Amino acid sequence: MNKDRRKVLKAGAGLGLLSALMAVGMISPQQAQAAIGRGAFDAKTIDDVYKALGVAAPTASDQVVINASDIAENGAVVPIGIRSNLPNTQAIALLVERNPNPLAAHYDLTDMAVADITMRVKMGQTSNVVALVMADGKFFSATKEIKITLGGCGG
Amino acid sequence: MMRTKMRLLAGVALCLGLAATQAGAEGKPSDEISKYREMLADGNPADLVELRGEELWKTARGPKKASLEKCDLGLGPGVVDGAYAQLPRYFKDSGKVMDAESRLVHCMITLQGFTKEEAIKQWFSKPGKDSDIEALVTFIGARSNGKPIHVPHKDPKEAAMYKTGEYIFYRRSGPQDFSCATCHTSNGMRIRLQELGNLTTREGAGTAMKSFPAYRVSQGSVWTMQHRLIDCIRQARWPEPEYLSDAVIALEVYLQGNASGTVMETPGIKR
Amino acid sequence: MGNPMKIRATLNGDTTDIKILMRHDMETGQRKDAAGALVPAWYIQSVVVSVAGKTVINAGWGQAVSKDPYLALKVKGANKGDPVSVTWTDNKNDTRTDETTIA
């Protein structure tokens with residue numbers, strides 16, 4: 001999250017690359033700003049994702065709400081909504097514990113954004129999903145198990 | 001036959017038993033599946049396919065460099081609105097009962113100059129290769145939304161196709177001695193957690209027919225009714241019919257006939 | 001270039017609902033083709049949503065986001081007629097921007 005961005009900025013090489021990409025117009029300044037290290041997406045466990053994002057163990061919070069069905073008929077498309085009722089929510093991330101790379105998506109929010117995002121992700125199997133939220137510089141989370149079923153003929 | 005059915009039912013019972021014990025304090029499986037489907041329905045990727053279909057419809061293509069805008073889908077040249085809901089129907093110019101897909105291919109041949117082989121080469125999408133036919137049918141289907149399905153099969157040729165469709169529906173065949181009717185003639189049946197519609201009733205047939213073409217999450221693409229039926233037949237372990245074959249069109253006449261009166265709502269979205 | 005997105009943006013009270021559908025295969029790099037060869041990863045890595053020229057959300061995505069991605073978000077303080085712009089960029093540096101206005 002933001003801490004990670006600082007890490008990227010500290011790393012001279014990283015900054016150089018981003019600037020170079022910006023200079024040739026391959027990425028916009030906005031995108032460069034958003035770049036949390038891609039390393040977090042390569043991490044293979046939730047702990048490693050947290051490490052890559054510079055997150056210490058987040059606090060479980062009932063102010064972080066996962067909106068998803070307990071059962072998904074198809075793991076290829078699992079709709080998941082994350083809402084944070086915490087003041088000054090700055091970032092939201094979705095992790096799928098048993099996917100090969102748990103980090104599915106990461107969102108930096110500006111003041112205009114309401115902390116309420118819905119997306120669809122692939123899940124290889126029944127798994128816990130974790131909503132990670134950064135609010136006022138601190139980390140909070142919520143966890144929910146989503147079961148993946150195999151359907152019949154498909155309607 | 002009996003053994004197969006019992007094995008199937010035992011499997012279903014096992015599934016449900018398991019689900020019931022695991023569910024515990026959480027929502028009922030059927031409620032949770034409804035919630036899953038509702039969340040999917042808001043934002044159907046097939047809407048993008050429909051837009052592509054509309055572009056294709058208007059674009060001059062083929063050896064004759066013509067668009068499909070003069071295609072007669074049964075309500076006169078160029079009339080797309082409401083046409084899908086009234087197909088299949090008998091066409092004098094071809095002397096055949098045609099469904100949306102065979103009629104579309106007819107137009108691609110006659111108006112645009114494609115050979116049949118070229119027109120149907122990619123009749124369904126493969127990863128990385130989108131099907132033009134799927135996109136066009138999605139567009140045509142969506143232009144019947146809000147219109148009731150109306151396939152009265154009064155013309156003698158249509159009536160004969162309805163009879164043939166009904167015959168195929170009830171015909172037991174293949175290594176499992178299966179028919180469509182084995183799974184689709186009673187209410188409240190299901191396979192695993194999925195309901196099986198009673199396709200002999202307006203409600204059952206209507207629920208199925210009003211939602212096709214439909215986006216299939218499993219394949220990440222739109223399935224047309226031809227695709228759906230050909231795959232049903234494959235799943236029943238019968239030899240697969242050819243794309244656009246009369247056997248499939250006959251089943252469509254039978255099902256659209258039973259579904260008549262149901263308001264179209266496409267593209268659907270399925271697991 | 002990519003295919004067009006479908007963006008819906010509607011004002012409800014003081015919040016604007018933005019719903020975005022993108023056309024992308026989102027290959028994970030783990031799927032095998034008919035010949036048994038791995039299909040290389042090809043997926044959207046970043047999505048930027050802005051309203052009236054101001055960035056609202058900056059997203060980083062992994063391979064787990066579903067094919068034909070869907071993203072819904074809410075925005076405060078926007079007005080009817082404000083332009084909404086969405087840009088995605090994938091790991092092959094293909095990029096696409098589409099726009100709409102708030103209804």
# chains A, B, ... in the order shown; residues from 1 in each chain; ligands from 1

call {"tool": "closest_atom_pairs", "arguments": {"of": "chain B", "to": "chain C", "cutoff": "10 Å", "atoms": "only C-alpha atoms", "output": "JSON lines"}}
result
{"residue": "B:Leu40", "atom": "CA", "partner": "C:Tyr70", "partner_atom": "CA", "distance": 9.7}
{"residue": "B:Asp42", "atom": "CA", "partner": "C:Lys19", "partner_atom": "CA", "distance": 9.0}
{"residue": "B:Gly43", "atom": "CA", "partner": "C:Leu21", "partner_atom": "CA", "distance": 6.8}
{"residue": "B:Asn44", "atom": "CA", "partner": "C:Leu21", "partner_atom": "CA", "distance": 8.0}
{"residue": "B:Pro45", "atom": "CA", "partner": "C:Asp68", "partner_atom": "CA", "distance": 6.1}
{"residue": "B:Ala46", "atom": "CA", "partner": "C:Asp68", "partner_atom": "CA", "distance": 9.2}
{"residue": "B:Asp47", "atom": "CA", "partner": "C:Lys6", "partner_atom": "CA", "distance": 7.9}
{"residue": "B:Leu48", "atom": "CA", "partner": "C:Lys6", "partner_atom": "CA", "distance": 6.8}
{"residue": "B:Val49", "atom": "CA", "partner": "C:Arg23", "partner_atom": "CA", "distance": 8.9}
{"residue": "B:Leu51", "atom": "CA", "partner": "C:Pro4", "partner_atom": "CA", "distance": 8.9}
{"residue": "B:Arg52", "atom": "CA", "partner": "C:Asn3", "partner_atom": "CA", "distance": 8.8}
{"residue": "B:Pro127", "atom": "CA", "partner": "C:Asp25", "partner_atom": "CA", "distance": 7.7}
{"residue": "B:Gly128", "atom": "CA", "partner": "C:Asp25", "partner_atom": "CA", "distance": 7.1}
{"residue": "B:Val217", "atom": "CA", "partner": "C:Lys67", "partner_atom": "CA", "distance": 9.0}
{"residue": "B:Gln219", "atom": "CA", "partner": "C:Lys67", "partner_atom": "CA", "distance": 9.8}
{"residue": "B:Gly220", "atom": "CA", "partner": "C:Lys67", "partner_atom": "CA", "distance": 6.7}
{"residue": "B:Ser221", "atom": "CA", "partner": "C:Asp68", "partner_atom": "CA", "distance": 9.4}

call {"tool": "interface_residues", "arguments": {"of": "chain C", "to": "chain A", "cutoff": "7 Å", "atoms": "only C-alpha atoms", "output": "PyMOL selection string"}}
result
chain C and resi 55-66+69-77

call {"tool": "residues_around", "arguments": {"residues": "Ala9 in chain C", "least_positions_apart": "6", "cutoff": "6 Å", "atoms": "only C-alpha atoms", "output": "VMD selection string"}}
result
chain C and resid 17 to 18 102

call {"tool": "write_last_selection", "arguments": {"atoms": "N, CA and C atoms", "output": "PDB file, in the first residue's frame"}}
result
ATOM      1  N   ASP C  17     -22.957   6.074  -8.864  1.00  0.00           N
ATOM      2  CA  ASP C  17     -22.566   4.681  -9.059  1.00  0.00           C
ATOM      3  C   ASP C  17     -21.897   4.550 -10.420  1.00  0.00           C
ATOM      4  N   ILE C  18     -20.706   4.001 -10.421  1.00  0.00           N
ATOM      5  CA  ILE C  18     -20.003   3.768 -11.695  1.00  0.00           C
ATOM      6  C   ILE C  18     -19.819   2.265 -11.856  1.00  0.00           C
ATOM      7  N   ILE C 102     -21.845  11.425 -16.458  1.00  0.00           N
ATOM      8  CA  ILE C 102     -22.746  10.985 -15.389  1.00  0.00           C
ATOM      9  C   ILE C 102     -24.187  11.332 -15.753  1.00  0.00           C
TER      10      ILE C 102
END

call {"tool": "select_by_dssp", "arguments": {"residues": "range 64-129 of chain A", "states": "strand (DSSP E)", "output": "ChimeraX atom specification"}}
result
/A:64-67,71-72,78-84,89-96,103-109,113-121,127-129

call {"tool": "write_last_selection", "arguments": {"atoms": "N, CA and C atoms", "output": "CSV table (one decimal), in the first residue's frame"}}
result
chain,number,residue,atom,x,y,z
A,64,VAL,N,-15.2,-3.5,8.3
A,64,VAL,CA,-14.9,-3.9,7.0
A,64,VAL,C,-15.8,-5.0,6.6
A,65,VAL,N,-16.6,-4.8,5.5
A,65,VAL,CA,-17.7,-5.8,5.2
A,65,VAL,C,-17.4,-6.4,3.8
A,66,ILE,N,-17.5,-7.7,3.8
A,66,ILE,CA,-17.4,-8.4,2.5
A,66,ILE,C,-18.8,-8.8,2.1
A,67,ASN,N,-19.1,-8.4,0.9
A,67,ASN,CA,-20.4,-8.8,0.3
A,67,ASN,C,-20.2,-9.8,-0.8
A,71,ILE,N,-21.7,-19.4,-1.4
A,71,ILE,CA,-21.5,-20.4,-2.4
A,71,ILE,C,-21.4,-19.7,-3.7
A,72,ALA,N,-20.4,-20.1,-4.5
A,72,ALA,CA,-20.3,-19.6,-5.9
A,72,ALA,C,-20.5,-20.8,-6.8
A,78,VAL,N,-16.3,-15.1,-9.4
A,78,VAL,CA,-16.9,-15.0,-8.1
A,78,VAL,C,-17.0,-13.5,-7.8
A,79,PRO,N,-18.3,-13.0,-7.7
A,79,PRO,CA,-18.5,-11.5,-7.4
A,79,PRO,C,-18.2,-11.3,-5.9
A,80,ILE,N,-17.4,-10.3,-5.7
A,80,ILE,CA,-17.1,-9.9,-4.3
A,80,ILE,C,-17.1,-8.4,-4.1
A,81,GLY,N,-17.8,-7.9,-3.1
A,81,GLY,CA,-17.8,-6.5,-2.8
A,81,GLY,C,-17.1,-6.3,-1.5
A,82,ILE,N,-16.4,-5.2,-1.4
A,82,ILE,CA,-15.8,-4.8,-0.1
A,82,ILE,C,-16.2,-3.4,0.2
A,83,ARG,N,-16.6,-3.2,1.5
A,83,ARG,CA,-17.0,-1.9,1.9
A,83,ARG,C,-16.3,-1.6,3.2
A,84,SER,N,-15.8,-0.4,3.4
A,84,SER,CA,-15.2,0.0,4.6
A,84,SER,C,-16.0,1.1,5.2
A,89,THR,N,-10.6,5.9,4.8
A,89,THR,CA,-10.1,4.7,4.1
A,89,THR,C,-9.4,5.1,2.9
A,90,GLN,N,-8.1,4.7,2.8
A,90,GLN,CA,-7.2,5.1,1.8
A,90,GLN,C,-6.9,4.0,0.7
A,91,ALA,N,-7.1,2.8,1.1
A,91,ALA,CA,-6.8,1.7,0.2
A,91,ALA,C,-7.6,0.4,0.5
A,92,ILE,N,-7.9,-0.3,-0.5
A,92,ILE,CA,-8.6,-1.6,-0.3
A,92,ILE,C,-7.9,-2.7,-1.1
A,93,ALA,N,-7.7,-3.9,-0.5
A,93,ALA,CA,-7.2,-4.9,-1.3
A,93,ALA,C,-8.0,-6.2,-1.1
A,94,LEU,N,-8.0,-7.1,-2.1
A,94,LEU,CA,-8.7,-8.4,-2.0
A,94,LEU,C,-7.6,-9.5,-2.1
A,95,LEU,N,-7.7,-10.4,-1.1
A,95,LEU,CA,-6.8,-11.5,-1.2
A,95,LEU,C,-7.6,-12.8,-1.2
A,96,VAL,N,-7.2,-13.8,-2.0
A,96,VAL,CA,-7.8,-15.1,-2.0
A,96,VAL,C,-6.8,-16.1,-1.5
A,103,LEU,N,-2.9,-12.2,-3.7
A,103,LEU,CA,-3.3,-10.8,-4.0
A,103,LEU,C,-4.0,-10.8,-5.4
A,104,ALA,N,-5.3,-10.4,-5.3
A,104,ALA,CA,-6.1,-10.4,-6.6
A,104,ALA,C,-6.2,-8.9,-7.1
A,105,ALA,N,-6.4,-8.0,-6.2
A,105,ALA,CA,-6.6,-6.6,-6.6
A,105,ALA,C,-6.3,-5.7,-5.5
A,106,HIS,N,-5.8,-4.5,-5.8
A,106,HIS,CA,-5.5,-3.5,-4.9
A,106,HIS,C,-6.0,-2.1,-5.4
A,107,TYR,N,-6.6,-1.4,-4.5
A,107,TYR,CA,-7.2,-0.1,-5.0
A,107,TYR,C,-6.7,1.0,-4.1
A,108,ASP,N,-6.1,2.1,-4.6
A,108,ASP,CA,-5.8,3.3,-3.9
A,108,ASP,C,-7.0,4.2,-4.1
A,109,LEU,N,-7.6,4.7,-3.1
A,109,LEU,CA,-8.8,5.6,-3.2
A,109,LEU,C,-8.4,7.0,-2.9
A,113,ALA,N,-13.6,9.0,-3.7
A,113,ALA,CA,-14.1,7.6,-3.8
A,113,ALA,C,-14.8,7.2,-2.5
A,114,VAL,N,-15.9,6.5,-2.6
A,114,VAL,CA,-16.6,5.9,-1.4
A,114,VAL,C,-15.9,4.6,-1.3
A,115,ALA,N,-15.6,4.2,0.0
A,115,ALA,CA,-14.9,2.9,0.2
A,115,ALA,C,-15.8,1.7,0.0
A,116,ASP,N,-16.2,1.5,-1.2
A,116,ASP,CA,-17.2,0.5,-1.5
A,116,ASP,C,-17.0,0.0,-3.0
A,117,ILE,N,-16.4,-1.1,-3.1
A,117,ILE,CA,-15.9,-1.6,-4.5
A,117,ILE,C,-16.4,-3.0,-4.7
A,118,THR,N,-16.9,-3.3,-5.9
A,118,THR,CA,-17.3,-4.6,-6.3
A,118,THR,C,-16.6,-5.1,-7.5
A,119,MET,N,-16.1,-6.3,-7.4
A,119,MET,CA,-15.3,-6.9,-8.6
A,119,MET,C,-15.6,-8.4,-8.7
A,120,ARG,N,-15.0,-9.0,-9.7
A,120,ARG,CA,-15.2,-10.4,-9.9
A,120,ARG,C,-13.8,-11.1,-10.0
A,121,VAL,N,-13.6,-12.2,-9.3
A,121,VAL,CA,-12.3,-12.8,-9.3
A,121,VAL,C,-12.5,-14.3,-9.6
A,127,SER,N,-12.2,-21.3,-0.5
A,127,SER,CA,-11.1,-20.6,0.2
A,127,SER,C,-11.7,-19.5,1.0
A,128,ASN,N,-10.9,-19.1,2.0
A,128,ASN,CA,-11.1,-17.8,2.6
A,128,ASN,C,-10.7,-16.7,1.7
A,129,VAL,N,-11.5,-15.6,1.7
A,129,VAL,CA,-11.1,-14.4,1.1
A,129,VAL,C,-10.9,-13.3,2.1

call {"tool": "interface_residues", "arguments": {"of": "chain B", "to": "chain A", "cutoff": "6 Å", "atoms": "only C-alpha atoms", "output": "PyMOL selection string"}}
result
chain B and resi 32+35-36+191-192+194+271

call {"tool": "residues_around", "arguments": {"residues": "range 232-245 of chain B", "least_positions_apart": "3", "cutoff": "8 Å", "atoms": "only C-alpha atoms", "output": "list in words"}}
result
Cys153 of chain A; Glu101, Ser102, Ser173, Gly174, Pro175, Gln176, Phe178, Ser179, Cys180, Gln226, His227, Arg228, Leu229, Val248 and Ile249 of chain B

call {"tool": "atom_distance", "arguments": {"atom1": "CA of Ala142 in chain A", "atom2": "CA of Asp62 in chain A"}}
result
7.0 Å

call {"tool": "atom_distance", "arguments": {"atom1": "CA of Asn93 in chain C", "atom2": "CA of Ile44 in chain C"}}
result
8.9 Å

call {"tool": "atom_distance", "arguments": {"atom1": "CA of Phe124 in chain B", "atom2": "CA of Tyr254 in chain B"}}
result
23.3 Å

call {"tool": "decode", "arguments": {"residues": "range 33-48 of chain C", "atoms": "N, CA and C atoms", "output": "PDB file, in the first residue's frame"}}
result
ATOM      1  N   ASP C  33      -3.272 -24.694 -23.798  1.00  0.00           N
ATOM      2  CA  ASP C  33      -4.093 -24.728 -25.007  1.00  0.00           C
ATOM      3  C   ASP C  33      -4.298 -26.173 -25.447  1.00  0.00           C
ATOM      4  N   ALA C  34      -4.993 -26.359 -26.576  1.00  0.00           N
ATOM      5  CA  ALA C  34      -5.346 -27.702 -27.038  1.00  0.00           C
ATOM      6  C   ALA C  34      -4.103 -28.568 -27.247  1.00  0.00           C
ATOM      7  N   ALA C  35      -2.984 -27.938 -27.602  1.00  0.00           N
ATOM      8  CA  ALA C  35      -1.749 -28.686 -27.855  1.00  0.00           C
ATOM      9  C   ALA C  35      -0.968 -28.967 -26.569  1.00  0.00           C
ATOM     10  N   GLY C  36      -1.489 -28.485 -25.437  1.00  0.00           N
ATOM     11  CA  GLY C  36      -0.830 -28.748 -24.156  1.00  0.00           C
ATOM     12  C   GLY C  36       0.209 -27.701 -23.774  1.00  0.00           C
ATOM     13  N   ALA C  37       0.342 -26.670 -24.594  1.00  0.00           N
ATOM     14  CA  ALA C  37       1.326 -25.618 -24.288  1.00  0.00           C
ATOM     15  C   ALA C  37       0.685 -24.562 -23.387  1.00  0.00           C
ATOM     16  N   LEU C  38       1.473 -24.028 -22.463  1.00  0.00           N
ATOM     17  CA  LEU C  38       0.963 -22.981 -21.571  1.00  0.00           C
ATOM     18  C   LEU C  38       0.647 -21.717 -22.373  1.00  0.00           C
ATOM     19  N   VAL C  39      -0.524 -21.159 -22.124  1.00  0.00           N
ATOM     20  CA  VAL C  39      -0.875 -19.884 -22.754  1.00  0.00           C
ATOM     21  C   VAL C  39      -0.280 -18.783 -21.880  1.00  0.00           C
ATOM     22  N   PRO C  40       0.545 -17.910 -22.469  1.00  0.00           N
ATOM     23  CA  PRO C  40       1.222 -16.886 -21.643  1.00  0.00           C
ATOM     24  C   PRO C  40       0.233 -15.969 -20.928  1.00  0.00           C
ATOM     25  N   ALA C  41       0.660 -15.508 -19.758  1.00  0.00           N
ATOM     26  CA  ALA C  41      -0.179 -14.582 -18.988  1.00  0.00           C
ATOM     27  C   ALA C  41      -0.411 -13.312 -19.806  1.00  0.00           C
ATOM     28  N   TRP C  42      -1.638 -12.853 -19.802  1.00  0.00           N
ATOM     29  CA  TRP C  42      -2.003 -11.621 -20.511  1.00  0.00           C
ATOM     30  C   TRP C  42      -3.214 -11.050 -19.796  1.00  0.00           C
ATOM     31  N   TYR C  43      -2.971 -10.031 -19.003  1.00  0.00           N
ATOM     32  CA  TYR C  43      -4.057  -9.544 -18.149  1.00  0.00           C
ATOM     33  C   TYR C  43      -3.868  -8.072 -17.833  1.00  0.00           C
ATOM     34  N   ILE C  44      -4.959  -7.444 -17.487  1.00  0.00           N
ATOM     35  CA  ILE C  44      -4.936  -6.028 -17.122  1.00  0.00           C
ATOM     36  C   ILE C  44      -4.233  -5.875 -15.777  1.00  0.00           C
ATOM     37  N   GLN C  45      -3.277  -4.944 -15.712  1.00  0.00           N
ATOM     38  CA  GLN C  45      -2.531  -4.747 -14.468  1.00  0.00           C
ATOM     39  C   GLN C  45      -2.910  -3.458 -13.762  1.00  0.00           C
ATOM     40  N   SER C  46      -3.447  -2.499 -14.542  1.00  0.00           N
ATOM     41  CA  SER C  46      -3.804  -1.267 -13.856  1.00  0.00           C
ATOM     42  C   SER C  46      -5.073  -0.670 -14.448  1.00  0.00           C
ATOM     43  N   VAL C  47      -5.885  -0.117 -13.589  1.00  0.00           N
ATOM     44  CA  VAL C  47      -7.106   0.563 -14.015  1.00  0.00           C
ATOM     45  C   VAL C  47      -7.170   1.892 -13.270  1.00  0.00           C
ATOM     46  N   VAL C  48      -7.364   2.971 -14.011  1.00  0.00           N
ATOM     47  CA  VAL C  48      -7.486   4.284 -13.386  1.00  0.00           C
ATOM     48  C   VAL C  48      -8.852   4.854 -13.750  1.00  0.00           C
TER      49      VAL C  48
END
